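K.L.:
Structure file start.cif, mmCIF, C-alpha atoms and all ligand atoms, is pasted below:
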data_entry
loop_
_atom_site.group_PDB
_atom_site.id
_atom_site.type_symbol
_atom_site.label_atom_id
_atom_site.label_comp_id
_atom_site.auth_asym_id
_atom_site.auth_seq_id
_atom_site.Cartn_x
_atom_site.Cartn_y
_atom_site.Cartn_z
ATOM 1 C CA MET A 1 -0.082 12.355 9.395
ATOM 2 C CA ILE A 2 2.788 10.414 7.836
ATOM 3 C CA ASP A 3 5.859 12.382 6.989
ATOM 4 C CA ILE A 4 8.664 10.902 4.915
ATOM 5 C CA ALA A 5 11.566 13.351 4.721
ATOM 6 C CA ASN A 6 14.612 13.105 2.481
ATOM 7 C CA LEU A 7 14.506 9.295 2.333
ATOM 8 C CA SER A 8 17.355 7.646 0.436
ATOM 9 C CA ILE A 9 18.109 3.952 0.006
ATOM 10 C CA ARG A 10 21.385 2.861 -1.546
ATOM 11 C CA LEU A 11 21.718 -0.595 -3.060
ATOM 12 C CA PRO A 12 24.630 -1.812 -5.218
ATOM 13 C CA GLU A 13 22.784 -1.247 -8.504
ATOM 14 C CA PHE A 14 19.882 1.000 -7.592
ATOM 15 C CA SER A 15 19.119 3.915 -5.348
ATOM 16 C CA VAL A 16 16.042 5.715 -4.098
ATOM 17 C CA GLN A 17 16.974 9.358 -3.831
ATOM 18 C CA HIS A 18 15.808 12.050 -1.423
ATOM 19 C CA ILE A 19 12.127 11.201 -1.311
ATOM 20 C CA SER A 20 9.862 13.500 0.689
ATOM 21 C CA LEU A 21 6.146 12.738 0.928
ATOM 22 C CA THR A 22 3.353 13.758 3.277
ATOM 23 C CA MET A 23 0.192 11.734 3.811
ATOM 24 C CA GLU A 24 -2.738 13.001 5.842
ATOM 25 C CA SER A 25 -4.536 10.699 8.279
ATOM 26 C CA GLY A 26 -7.320 8.933 6.405
ATOM 27 C CA ASP A 27 -5.635 9.324 3.005
ATOM 28 C CA PHE A 28 -5.655 6.546 0.461
ATOM 29 C CA PHE A 29 -2.263 7.448 -0.962
ATOM 30 C CA VAL A 30 -1.021 5.725 -4.111
ATOM 31 C CA LEU A 31 2.641 5.472 -5.067
ATOM 32 C CA LEU A 32 2.564 4.879 -8.789
ATOM 33 C CA GLY A 33 5.408 4.093 -11.150
ATOM 34 C CA PRO A 34 6.777 1.683 -13.725
ATOM 35 C CA THR A 35 8.320 -1.641 -12.850
ATOM 36 C CA GLY A 36 11.673 -1.279 -11.088
ATOM 37 C CA ALA A 37 11.040 2.391 -10.146
ATOM 38 C CA GLY A 38 11.625 1.735 -6.422
ATOM 39 C CA LYS A 39 8.012 1.604 -5.184
ATOM 40 C CA SER A 40 8.351 -1.559 -3.086
ATOM 41 C CA LEU A 41 11.646 -0.340 -1.643
ATOM 42 C CA VAL A 42 9.911 2.781 -0.278
ATOM 43 C CA LEU A 43 7.213 0.608 1.287
ATOM 44 C CA GLU A 44 9.795 -1.762 2.751
ATOM 45 C CA ALA A 45 11.785 1.161 4.159
ATOM 46 C CA MET A 46 8.621 2.389 5.888
ATOM 47 C CA ALA A 47 8.134 -1.062 7.343
ATOM 48 C CA GLY A 48 11.755 -1.211 8.514
ATOM 49 C CA LEU A 49 12.610 -4.077 6.180
ATOM 50 C CA VAL A 50 15.404 -2.340 4.217
ATOM 51 C CA PRO A 51 18.087 -0.097 5.696
ATOM 52 C CA ILE A 52 17.921 3.557 4.731
ATOM 53 C CA ALA A 53 20.907 5.765 3.944
ATOM 54 C CA THR A 54 19.344 9.130 4.813
ATOM 55 C CA GLY A 55 16.047 10.564 5.959
ATOM 56 C CA SER A 56 13.335 10.086 8.522
ATOM 57 C CA ILE A 57 9.836 8.634 8.770
ATOM 58 C CA ARG A 58 7.284 10.023 11.228
ATOM 59 C CA LEU A 59 3.972 8.299 11.866
ATOM 60 C CA HIS A 60 1.352 10.450 13.615
ATOM 61 C CA GLY A 61 4.091 12.468 15.304
ATOM 62 C CA THR A 62 6.280 9.504 16.334
ATOM 63 C CA ASP A 63 9.695 9.130 14.754
ATOM 64 C CA ILE A 64 9.720 5.470 13.647
ATOM 65 C CA THR A 65 12.885 5.704 11.512
ATOM 66 C CA HIS A 66 14.955 3.461 13.765
ATOM 67 C CA LEU A 67 12.259 1.275 15.336
ATOM 68 C CA PRO A 68 12.234 -2.468 14.609
ATOM 69 C CA PRO A 69 9.441 -3.553 12.192
ATOM 70 C CA GLU A 70 7.161 -5.026 14.894
ATOM 71 C CA LYS A 71 7.165 -1.737 16.828
ATOM 72 C CA ARG A 72 6.084 0.452 13.894
ATOM 73 C CA ASP A 73 2.302 -0.040 14.123
ATOM 74 C CA LEU A 74 1.910 -0.751 10.450
ATOM 75 C CA ALA A 75 0.943 -3.789 8.381
ATOM 76 C CA ILE A 76 1.770 -4.883 4.834
ATOM 77 C CA VAL A 77 -0.330 -6.832 2.340
ATOM 78 C CA TYR A 78 1.654 -8.226 -0.594
ATOM 79 C CA GLN A 79 0.627 -9.128 -4.150
ATOM 80 C CA ASP A 80 0.337 -12.860 -3.390
ATOM 81 C CA GLY A 81 -0.972 -12.440 0.165
ATOM 82 C CA SER A 82 2.195 -14.039 1.598
ATOM 83 C CA LEU A 83 0.174 -16.199 3.999
ATOM 84 C CA PHE A 84 1.848 -18.783 6.215
ATOM 85 C CA PRO A 85 1.265 -22.005 4.253
ATOM 86 C CA HIS A 86 1.143 -24.313 7.292
ATOM 87 C CA LEU A 87 -1.493 -22.235 9.147
ATOM 88 C CA THR A 88 -5.259 -22.195 8.596
ATOM 89 C CA VAL A 89 -7.065 -19.011 7.576
ATOM 90 C CA GLU A 90 -8.066 -18.430 11.201
ATOM 91 C CA ALA A 91 -4.531 -19.036 12.530
ATOM 92 C CA ASN A 92 -3.033 -16.769 9.856
ATOM 93 C CA ILE A 93 -5.303 -13.921 10.959
ATOM 94 C CA ALA A 94 -4.587 -14.538 14.654
ATOM 95 C CA PHE A 95 -0.817 -14.705 14.083
ATOM 96 C CA GLY A 96 0.109 -11.038 14.580
ATOM 97 C CA LEU A 97 -2.094 -10.692 17.647
ATOM 98 C CA ARG A 98 0.387 -12.645 19.761
ATOM 99 C CA TYR A 99 2.259 -9.373 20.276
ATOM 100 C CA LYS A 100 -0.823 -7.180 20.687
ATOM 101 C CA LYS A 101 -2.337 -8.401 23.952
ATOM 102 C CA LYS A 102 -2.569 -4.839 25.342
ATOM 103 C CA GLU A 103 -4.033 -3.164 22.249
ATOM 104 C CA VAL A 104 -6.465 -5.970 21.346
ATOM 105 C CA PRO A 105 -7.896 -7.333 24.605
ATOM 106 C CA ALA A 106 -10.209 -9.961 23.027
ATOM 107 C CA PRO A 107 -8.141 -11.346 20.140
ATOM 108 C CA ASP A 108 -10.460 -14.302 19.411
ATOM 109 C CA LEU A 109 -13.454 -12.009 19.022
ATOM 110 C CA GLN A 110 -11.432 -9.710 16.773
ATOM 111 C CA VAL A 111 -10.451 -12.654 14.526
ATOM 112 C CA GLN A 112 -14.074 -13.895 14.305
ATOM 113 C CA HIS A 113 -15.294 -10.355 13.568
ATOM 114 C CA LEU A 114 -12.762 -9.851 10.775
ATOM 115 C CA MET A 115 -13.473 -13.225 9.176
ATOM 116 C CA LYS A 116 -17.176 -12.323 9.053
ATOM 117 C CA ARG A 117 -16.479 -8.779 7.851
ATOM 118 C CA LEU A 118 -14.291 -10.024 5.012
ATOM 119 C CA GLY A 119 -16.635 -12.859 4.054
ATOM 120 C CA ILE A 120 -14.215 -15.699 4.838
ATOM 121 C CA ALA A 121 -15.698 -17.197 8.040
ATOM 122 C CA HIS A 122 -16.636 -20.372 6.138
ATOM 123 C CA LEU A 123 -12.956 -20.836 5.190
ATOM 124 C CA LYS A 124 -11.545 -20.645 8.720
ATOM 125 C CA HIS A 125 -10.155 -24.207 8.789
ATOM 126 C CA ARG A 126 -8.688 -24.118 5.271
ATOM 127 C CA LYS A 127 -4.967 -23.826 4.438
ATOM 128 C CA PRO A 128 -3.794 -21.150 1.953
ATOM 129 C CA SER A 129 -2.978 -23.671 -0.810
ATOM 130 C CA THR A 130 -6.694 -24.475 -1.083
ATOM 131 C CA LEU A 131 -7.819 -20.829 -1.463
ATOM 132 C CA SER A 132 -8.556 -18.784 -4.591
ATOM 133 C CA GLY A 133 -6.569 -15.587 -5.243
ATOM 134 C CA GLY A 134 -9.402 -13.407 -3.927
ATOM 135 C CA GLU A 135 -9.838 -15.537 -0.798
ATOM 136 C CA LYS A 136 -6.091 -15.296 -0.135
ATOM 137 C CA GLN A 137 -6.188 -11.501 -0.414
ATOM 138 C CA ARG A 138 -9.229 -11.301 1.891
ATOM 139 C CA THR A 139 -7.331 -13.420 4.439
ATOM 140 C CA ALA A 140 -4.192 -11.289 4.039
ATOM 141 C CA LEU A 141 -6.266 -8.117 4.552
ATOM 142 C CA ALA A 142 -7.915 -9.583 7.648
ATOM 143 C CA ARG A 143 -4.488 -10.541 9.036
ATOM 144 C CA ALA A 144 -3.200 -7.021 8.421
ATOM 145 C CA LEU A 145 -6.265 -5.323 9.944
ATOM 146 C CA ALA A 146 -6.244 -7.595 13.007
ATOM 147 C CA ILE A 147 -3.356 -5.690 14.568
ATOM 148 C CA LYS A 148 -5.188 -2.360 14.082
ATOM 149 C CA PRO A 149 -2.267 -0.755 12.227
ATOM 150 C CA LYS A 150 -1.855 3.019 12.101
ATOM 151 C CA ILE A 151 -1.188 2.666 8.388
ATOM 152 C CA LEU A 152 -1.944 -0.175 6.005
ATOM 153 C CA LEU A 153 0.741 -0.705 3.349
ATOM 154 C CA LEU A 154 -0.463 -2.429 0.188
ATOM 155 C CA ASP A 155 2.135 -3.750 -2.284
ATOM 156 C CA GLU A 156 0.316 -4.298 -5.590
ATOM 157 C CA PRO A 157 -2.487 -6.180 -3.806
ATOM 158 C CA LEU A 158 -4.617 -6.459 -6.956
ATOM 159 C CA SER A 159 -2.115 -7.358 -9.634
ATOM 160 C CA ALA A 160 -2.265 -11.176 -9.276
ATOM 161 C CA LEU A 161 -6.087 -11.251 -9.449
ATOM 162 C CA ASP A 162 -8.402 -11.948 -12.394
ATOM 163 C CA PRO A 163 -10.498 -8.949 -13.544
ATOM 164 C CA THR A 164 -13.688 -9.882 -11.645
ATOM 165 C CA THR A 165 -11.872 -10.603 -8.373
ATOM 166 C CA ARG A 166 -9.830 -7.436 -8.871
ATOM 167 C CA THR A 167 -13.060 -5.419 -9.014
ATOM 168 C CA ASP A 168 -14.367 -7.187 -5.857
ATOM 169 C CA ILE A 169 -11.194 -6.518 -3.870
ATOM 170 C CA THR A 170 -11.030 -2.908 -5.138
ATOM 171 C CA GLU A 171 -14.569 -2.336 -3.820
ATOM 172 C CA LEU A 172 -13.675 -4.081 -0.551
ATOM 173 C CA LEU A 173 -10.603 -1.868 -0.098
ATOM 174 C CA LYS A 174 -12.689 1.249 -0.783
ATOM 175 C CA THR A 175 -15.330 0.238 1.761
ATOM 176 C CA LEU A 176 -12.825 -0.812 4.437
ATOM 177 C CA HIS A 177 -10.906 2.417 3.972
ATOM 178 C CA GLN A 178 -14.058 4.489 4.455
ATOM 179 C CA GLU A 179 -15.597 2.435 7.273
ATOM 180 C CA GLU A 180 -12.425 2.088 9.326
ATOM 181 C CA ASN A 181 -11.186 5.593 8.451
ATOM 182 C CA MET A 182 -7.823 3.979 7.760
ATOM 183 C CA THR A 183 -4.709 5.524 6.289
ATOM 184 C CA CYS A 184 -3.540 3.402 3.348
ATOM 185 C CA LEU A 185 -0.438 3.563 1.183
ATOM 186 C CA MET A 186 -0.669 1.415 -1.937
ATOM 187 C CA VAL A 187 1.992 0.883 -4.565
ATOM 188 C CA THR A 188 0.974 -0.019 -8.081
ATOM 189 C CA HIS A 189 2.032 0.417 -11.702
ATOM 190 C CA ASP A 190 -1.604 0.641 -12.840
ATOM 191 C CA PHE A 191 -2.940 4.197 -13.195
ATOM 192 C CA ALA A 192 -6.552 2.948 -13.337
ATOM 193 C CA GLU A 193 -6.099 1.502 -9.818
ATOM 194 C CA ALA A 194 -4.628 4.811 -8.674
ATOM 195 C CA GLN A 195 -7.646 6.661 -10.048
ATOM 196 C CA ALA A 196 -10.132 4.159 -8.585
ATOM 197 C CA LEU A 197 -8.715 4.186 -5.053
ATOM 198 C CA GLY A 198 -6.401 7.109 -4.375
ATOM 199 C CA ASN A 199 -7.316 10.572 -3.158
ATOM 200 C CA ALA A 200 -3.639 11.502 -3.204
ATOM 201 C CA MET A 201 -0.695 10.097 -5.084
ATOM 202 C CA ALA A 202 2.913 10.384 -6.140
ATOM 203 C CA VAL A 203 4.569 9.231 -9.344
ATOM 204 C CA ILE A 204 8.020 7.714 -8.912
ATOM 205 C CA ASN A 205 10.489 7.110 -11.702
ATOM 206 C CA ASN A 206 13.959 5.627 -11.351
ATOM 207 C CA GLY A 207 14.051 6.172 -7.588
ATOM 208 C CA ARG A 208 12.886 9.817 -7.663
ATOM 209 C CA ILE A 209 9.508 11.430 -7.161
ATOM 210 C CA GLU A 210 8.332 13.143 -10.348
ATOM 211 C CA GLN A 211 5.197 14.722 -8.852
ATOM 212 C CA SER A 212 2.928 14.322 -5.831
ATOM 213 C CA GLY A 213 -0.400 15.818 -4.807
ATOM 214 C CA PRO A 214 -4.141 15.209 -5.029
ATOM 215 C CA THR A 215 -4.986 12.505 -7.595
ATOM 216 C CA HIS A 216 -7.127 14.841 -9.710
ATOM 217 C CA THR A 217 -4.284 17.385 -9.896
ATOM 218 C CA LEU A 218 -1.835 14.840 -11.278
ATOM 219 C CA PHE A 219 -4.322 13.598 -13.849
ATOM 220 C CA ASN A 220 -5.421 17.114 -14.863
ATOM 221 C CA HIS A 221 -2.114 18.944 -14.539
ATOM 222 C CA PRO A 222 0.815 16.553 -14.944
ATOM 223 C CA ALA A 223 3.966 18.478 -14.082
ATOM 224 C CA THR A 224 6.431 16.557 -16.247
ATOM 225 C CA PRO A 225 6.296 14.819 -19.643
ATOM 226 C CA PHE A 226 6.976 11.510 -17.832
ATOM 227 C CA VAL A 227 3.919 11.928 -15.559
ATOM 228 C CA ALA A 228 1.733 12.894 -18.535
ATOM 229 C CA ARG A 229 2.886 9.867 -20.524
ATOM 230 C CA PHE A 230 2.619 7.476 -17.596
ATOM 231 C CA LEU A 231 -0.884 8.620 -16.621
ATOM 232 C CA GLY A 232 -2.037 8.422 -20.220
ATOM 233 C CA VAL A 233 -2.879 12.124 -20.291
ATOM 234 C CA PRO A 234 -3.054 13.246 -23.921
ATOM 235 C CA LYS A 235 -0.571 15.954 -24.860
ATOM 236 C CA LYS A 236 -2.213 19.355 -25.027
ATOM 237 C CA LEU A 237 -2.026 20.798 -28.568
ATOM 238 C CA LYS A 238 0.095 23.905 -28.587
ATOM 239 C CA SER A 239 -2.213 26.892 -29.026
ATOM 240 C CA VAL A 240 -1.534 28.745 -32.210
ATOM 241 C CA PRO A 241 -1.484 32.552 -31.897
ATOM 242 C CA PRO A 242 -4.413 34.202 -33.751
ATOM 243 C CA ALA A 243 -2.089 36.175 -36.096
ATOM 244 C CA ALA A 244 -0.577 32.974 -37.435
ATOM 245 C CA ARG A 245 -3.934 31.360 -38.331
HETATM 246 N N1 LIG A 301 17.219 -6.353 -1.732
HETATM 247 C C1 LIG A 301 17.637 -5.848 -2.889
HETATM 248 N N2 LIG A 301 18.944 -5.916 -3.245
HETATM 249 C C2 LIG A 301 19.378 -5.387 -4.412
HETATM 250 N N3 LIG A 301 18.577 -4.752 -5.301
HETATM 251 C C3 LIG A 301 17.272 -4.671 -5.005
HETATM 252 C C4 LIG A 301 16.729 -5.200 -3.790
HETATM 253 N N4 LIG A 301 15.397 -4.938 -3.754
HETATM 254 C C5 LIG A 301 15.125 -4.288 -4.911
HETATM 255 N N5 LIG A 301 16.236 -4.121 -5.650
HETATM 256 C C6 LIG A 301 16.343 -3.436 -6.952
HETATM 257 O O1 LIG A 301 15.853 -2.113 -6.783
HETATM 258 C C7 LIG A 301 15.107 -1.713 -7.930
HETATM 259 C C8 LIG A 301 13.722 -1.257 -7.489
HETATM 260 O O2 LIG A 301 13.007 -2.373 -6.968
HETATM 261 P P1 LIG A 301 11.511 -2.284 -6.439
HETATM 262 O O3 LIG A 301 11.088 -3.670 -6.078
HETATM 263 O O4 LIG A 301 11.390 -1.246 -5.401
HETATM 264 O O5 LIG A 301 10.736 -1.790 -7.752
HETATM 265 P P2 LIG A 301 9.176 -1.604 -7.978
HETATM 266 O O6 LIG A 301 8.976 -0.211 -8.453
HETATM 267 O O7 LIG A 301 8.430 -2.015 -6.760
HETATM 268 O O8 LIG A 301 8.927 -2.608 -9.188
HETATM 269 P P3 LIG A 301 7.740 -3.659 -9.479
HETATM 270 O O9 LIG A 301 6.563 -2.840 -9.918
HETATM 271 O O10 LIG A 301 8.290 -4.486 -10.591
HETATM 272 O O11 LIG A 301 7.503 -4.437 -8.209
HETATM 273 C C9 LIG A 301 15.070 -2.902 -8.868
HETATM 274 O O12 LIG A 301 16.062 -2.703 -9.851
HETATM 275 C C10 LIG A 301 15.430 -4.084 -7.971
HETATM 276 O O13 LIG A 301 16.120 -5.080 -8.699
#
Now that the file is in, can you turn its structure into structure tokens?

P.N.:
Amino acid sequence: MIDIANLSIRLPEFSVQHISLTMESGDFFVLLGPTGAGKSLVLEAMAGLVPIATGSIRLHGTDITHLPPEKRDLAIVYQDGSLFPHLTVEANIAFGLRYKKKEVPAPDLQVQHLMKRLGIAHLKHRKPSTLSGGEKQRTALARALAIKPKILLLDEPLSALDPTTRTDITELLKTLHQEENMTCLMVTHDFAEAQALGNAMAVINNGRIEQSGPTHTLFNHPATPFVARFLGVPKKLKSVPPAAR
């Protein structure tokens, strides 16, 4: 279980305020909101990449709030893959395993397995600049999975892809999530992606959570006008009392 309690981030011109969220192990949790709502900041705070003003983050019972990023047992995949440009596909995937000698005893085998699993074994000697968007995201996913993270953080991993590749990577994420029984937290501004992938979600607006819960609950029972508008849920017509008809 992942427990974010009372998380606040204060920047000069923006703040994330008192966010509390709970994710169960095995959830595909989507943090959905408009551009500039603070989604990436929440992800970066979980990864230990931005300082937090208040709150705590617990990952499967361990308080990781003050641990350095490399000790948090989580991995991030960004929109553009953020691969190391000077390393081949194979070396990119192997990169994080340098620190994981205890947890991953046969790193070479793990890299070969992941390249096969993600359909990129034929690209192992290529550099990122020669890859398509989908190939980059497959490599970035393999690199993230190589360290066997307790939670996979996905920062708009589909938004730079063309529609066909987006469908491919969506299916791949669904399958990997089920097969590996992973816990994933994805941020996106696209409610169709949230519906396609998430079993649970939260809507964030201007640094505050508007509503969180099972995906179907938010789509069927939006709690605020903002959530209804953002999820494209049509306004219910006010029922007219029989006497007035
Ligand atoms: N390091 C930083 N220093 C100052 N302000 C920042 C920093 N990082 C983000 N911000 C500001 O915080 C606000 C929220 O940014 P964030 O990237 O979390 O939004 P987002 O919801 O992920 O948006 P998008 O969907 O466009 O990526 C923005 O106004 C952004 O300019």

K.L.:
Pick from A:Ser8, A:Ser25, A:Thr224, A:Ser40: nearest to Ser56 of chain A, with all atoms listed in the file counted?

P.N.:
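Answer, going by the shortest atom-to-atom distance: A:Ser8.
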
K.L.:
Find the residues near ligand LIG 301 (chain A). Use a cut-off of 12 Å, count only C-alpha atoms and all ligand atoms, and write them as a ChimeraX atom specification.

P.N.:
/A:9-17,31-45,49-52,78-79,154-157,159-160,186-190,203-209

K.L.:
Figure out the distance between atom CA of Met1 of chain A and atom CA of Asp63 of chain A, please, to one decimal in Å.

P.N.:
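Taking atom CA of Asp63 of chain A as the start and atom CA of Met1 of chain A as the end point, the length is 11.6 Å.
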
K.L.:
If you count all atoms listed in the file, which residues fall within 10 Å of Ala91 of chain A, apart from same-chain ones fewer than 3 positions away, as a ChimeraX atom specification?

P.N.:
/A:84,86-88,94-96,111,124-127,143

K.L.:
Any chance you could work out the axis-aligned box around segment 50-62 of chain A, listed atoms only, 5 Å on each side, giving centre and edge lengths in Å to one decimal, as lines of an AutoDock Vina configuration file?

P.N.:
center_x = 11.1
center_y = 5.1
center_z = 10.1
size_x = 29.6
size_y = 24.8
size_z = 22.4

K.L.:
So what does the PyMOL selection byres (((chain A and resi 215) around 9) and not hetatm) actually pick up in this one, as a list of chain:residue names?

P.N.:
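Selection result, ordered by chain and number: A:Phe29, A:Val30, A:Ala194, A:Gln195, A:Gly198, A:Asn199, A:Ala200, A:Met201, A:Ala202, A:Ser212, A:Gly213, A:Pro214, A:His216, A:Thr217, A:Leu218, A:Phe219, A:Asn220.
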